[in-house]
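Visitor: Attaching a single structure in structure tokens format; questions to follow.
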Amino acid sequence: MTDGMTRHDSEAAMPRRRLLQLGLAAVATTGGGMTLAPGAADAALYSLPRHVKLHNLHTGEKIDAEYWVRGQYVPDALHAIDWVLRDHYTDEVRTIHPRLIDFIFHLHTKVGATRPFSIVSAYRSPTTNARLRRNSSGVARNSFHMYGKAVDLRLDGANLTHLCRTARNMRAGGVGFYPRSNFIHCDVGPVRQW
């Protein structure tokens with residue numbers, strides 16, 4: 001899977017039944033996946049399966065996908081995650097950067113969560129981003145959302161300040177705190193905070 005590839009139109013119209021087959025209980029496959037070399041901090045987690053629990057607030061879709069098995073990404077699970085994190089205004093799908101999925105997984109693990117993350121925004125098409133930018137000064141012109149490298153999320157029942165502090169301490173990318181809108185922004189760009 002190449003960073004930044006846009007899915008074909010036929011995949012953007014993935015039937016709900018297929019999404020459920022792929023995403024709700026993604027089955028591990030062998031071979032053909034991308035590998036990620038373990039860093040010192042991830043050595044213990046490198047060989048363990050990883051999964052994400054997500055709930056798209058705009059579409060109502062939920063996914064609990066095992067996306068990393070035996071040191072490899074699971075392509076079908078990544079495709080299902082891409083679909084759930086698509087631009088909900090246009091249904092346009094883009095590859096979500098695997099490091100962002102890892103960021104979400106590690107954050108979920110560090111806060112000891114069992115509930116899914118509620119997704120406020122993930123991938124945004126350039127058209128959607130431009131429209132949102134016209135209505136809000138908080139939307140960046142060249143947003144990481146347009147590249148599948150950012151997500152806005154919250155965790156129901158969790159303290160938003162604690163969630164933000166935990167994400168910032170991970171130093172995995174940018175983390176923004178939006179208490180009035182009840183979400184934090186996480187991206188896999190340079191480490192920074194606001």
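Going by the structure tokens order, chains are called A, B, ..., each with residues numbered from 1, while ligands are numbered from 1 in the order shown.
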Return as a PyMOL selection string the full set of residues in range 29-185 of chain A whose backbone-based DSSP assignment is alpha helix (DSSP H).

Guide: chain A and resi 75-84+98-110+126-135+160-170

Visitor: For the contact check between range 48-164 of chain A and range 173-186 of chain A, emit one row per residue of range 48-164 of chain A within 7 Å, containing the shortest atom pair and the distance in Å rounded to one decimal, counting only C-alpha atoms, chain then rising number order, as a Markdown table.

Guide:
```
| residue | atom | partner | partner_atom | distance |
| --- | --- | --- | --- | --- |
| A:Ala150 | CA | A:Cys186 | CA | 5.6 |
| A:Val151 | CA | A:Cys186 | CA | 5.5 |
| A:Asp152 | CA | A:His185 | CA | 4.3 |
| A:Leu153 | CA | A:Phe183 | CA | 5.2 |
| A:Arg154 | CA | A:Phe183 | CA | 4.8 |
| A:Cys164 | CA | A:Ile184 | CA | 6.3 |
```

Visitor: I want to know what sits within 7 Å of range 56-68 of chain A, based on only C-alpha atoms, with residues of the same chain fewer than 2 positions away left out; could you give that as a PDB file with C-alpha atoms, in the first residue's frame?

Guide:
```
ATOM      1  CA  GLY A  23     -13.726  -4.653   9.368  1.00  0.00           C
ATOM      2  CA  LEU A  24     -15.688  -5.948  12.263  1.00  0.00           C
ATOM      3  CA  ALA A  25     -13.588  -9.057  12.641  1.00  0.00           C
ATOM      4  CA  ALA A  26     -10.665  -8.612  10.287  1.00  0.00           C
ATOM      5  CA  PRO A  49      -1.421  -8.253  17.399  1.00  0.00           C
ATOM      6  CA  ARG A  50      -2.717  -4.686  17.203  1.00  0.00           C
ATOM      7  CA  HIS A  51      -6.281  -3.598  16.697  1.00  0.00           C
ATOM      8  CA  VAL A  52      -8.227  -0.386  16.662  1.00  0.00           C
ATOM      9  CA  LYS A  53     -11.763   0.317  17.807  1.00  0.00           C
ATOM     10  CA  LEU A  54     -13.338   3.251  16.004  1.00  0.00           C
ATOM     11  CA  ARG A  70       3.019 -11.245  13.398  1.00  0.00           C
ATOM     12  CA  GLY A  71       4.938  -8.092  12.486  1.00  0.00           C
ATOM     13  CA  GLN A  72       2.908  -7.242   9.380  1.00  0.00           C
ATOM     14  CA  TYR A  73       0.033  -4.961   8.472  1.00  0.00           C
ATOM     15  CA  VAL A  74      -3.132  -6.785   7.401  1.00  0.00           C
ATOM     16  CA  ALA A  77      -8.084  -4.531   7.733  1.00  0.00           C
ATOM     17  CA  LEU A  78      -6.286  -1.398   6.481  1.00  0.00           C
ATOM     18  CA  VAL A  84     -14.603   3.996   7.939  1.00  0.00           C
ATOM     19  CA  HIS A  88     -18.059  11.545   5.135  1.00  0.00           C
ATOM     20  CA  SER A 118     -15.272   8.457  18.510  1.00  0.00           C
ATOM     21  CA  ILE A 119     -14.060   9.911  15.216  1.00  0.00           C
ATOM     22  CA  VAL A 120     -15.016  13.523  14.566  1.00  0.00           C
TER      23      VAL A 120
END
```

Visitor: Looking at only C-alpha atoms, which of A:Val191, A:Val111, A:Met146, A:Ala140 is the one that sits closest to Leu85 in chain A?

Guide: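 Counting only C-alpha atoms, the residue closest to Leu85 in chain A is A:Met146.
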
Visitor: Counting only C-alpha atoms, which residue out of A:Ser125, A:Thr95, A:Val69, A:Leu107 sits closest to Thr166 in chain A?

Guide: A:Leu107

Visitor: Return the single residue from A:Asn135, A:Thr127, A:Asn159, A:Asn142 that is closest to Glu92 in chain A, with distances computed using only C-alpha atoms.

Guide: A:Thr127

Visitor: At a cut-off of 12 Å, using only C-alpha atoms, what residues contact Gly157 in chain A? Leave out same-chain residues fewer than 4 positions from it and give the result as an mmCIF file with C-alpha atoms, in the first residue's frame.

Guide:
```cif
data_model
loop_
_atom_site.group_PDB
_atom_site.id
_atom_site.type_symbol
_atom_site.label_atom_id
_atom_site.label_comp_id
_atom_site.auth_asym_id
_atom_site.auth_seq_id
_atom_site.Cartn_x
_atom_site.Cartn_y
_atom_site.Cartn_z
ATOM 1 C CA VAL A 111 -5.128 5.231 28.362
ATOM 2 C CA ALA A 113 -9.516 2.204 26.986
ATOM 3 C CA THR A 114 -12.020 -0.494 26.177
ATOM 4 C CA ARG A 115 -14.512 1.707 24.317
ATOM 5 C CA PRO A 116 -13.919 2.774 20.730
ATOM 6 C CA PHE A 117 -12.541 6.176 19.837
ATOM 7 C CA SER A 118 -15.272 8.457 18.510
ATOM 8 C CA HIS A 162 -5.851 13.369 30.211
ATOM 9 C CA LEU A 163 -6.316 11.989 26.692
ATOM 10 C CA ASN A 182 -14.783 18.104 22.749
#
```

Visitor: Ranking A:Thr109, A:Leu48, A:Gly138, A:Ile96 by minimum distance to Pro75 in chain A and counting only C-alpha atoms, which one comes first?

Guide: A:Ile96

Visitor: Figure out the distance between CA of Leu160 in chain A and CA of Leu132 in chain A, please, to one decimal in Å.

Guide: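 Interatomic distance, CA of Leu132 in chain A to CA of Leu160 in chain A: 23.5 Å.
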
Visitor: Given only C-alpha atoms as the basis, pick out the residue of A:Val93, A:Ala122, A:Ala130, A:Ala80 nearest to His145 in chain A.

Guide: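 With only C-alpha atoms as the atom set, the closest residue is A:Ala122.
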
Visitor: My list of candidates is A:Thr161, A:Ser143, A:Ser136, A:Thr90. Which is closest to Val188 in chain A when distances are computed with only C-alpha atoms?

Guide: A:Ser143

Visitor: Apply DSSP to the backbone of this structure and, from range 54-183 of chain A, keep only the residues in strand (DSSP E); write these as a PyMOL selection string.

Guide: chain A and resi 54-56+62-69+72-73+117-121+150-154+174-178+183
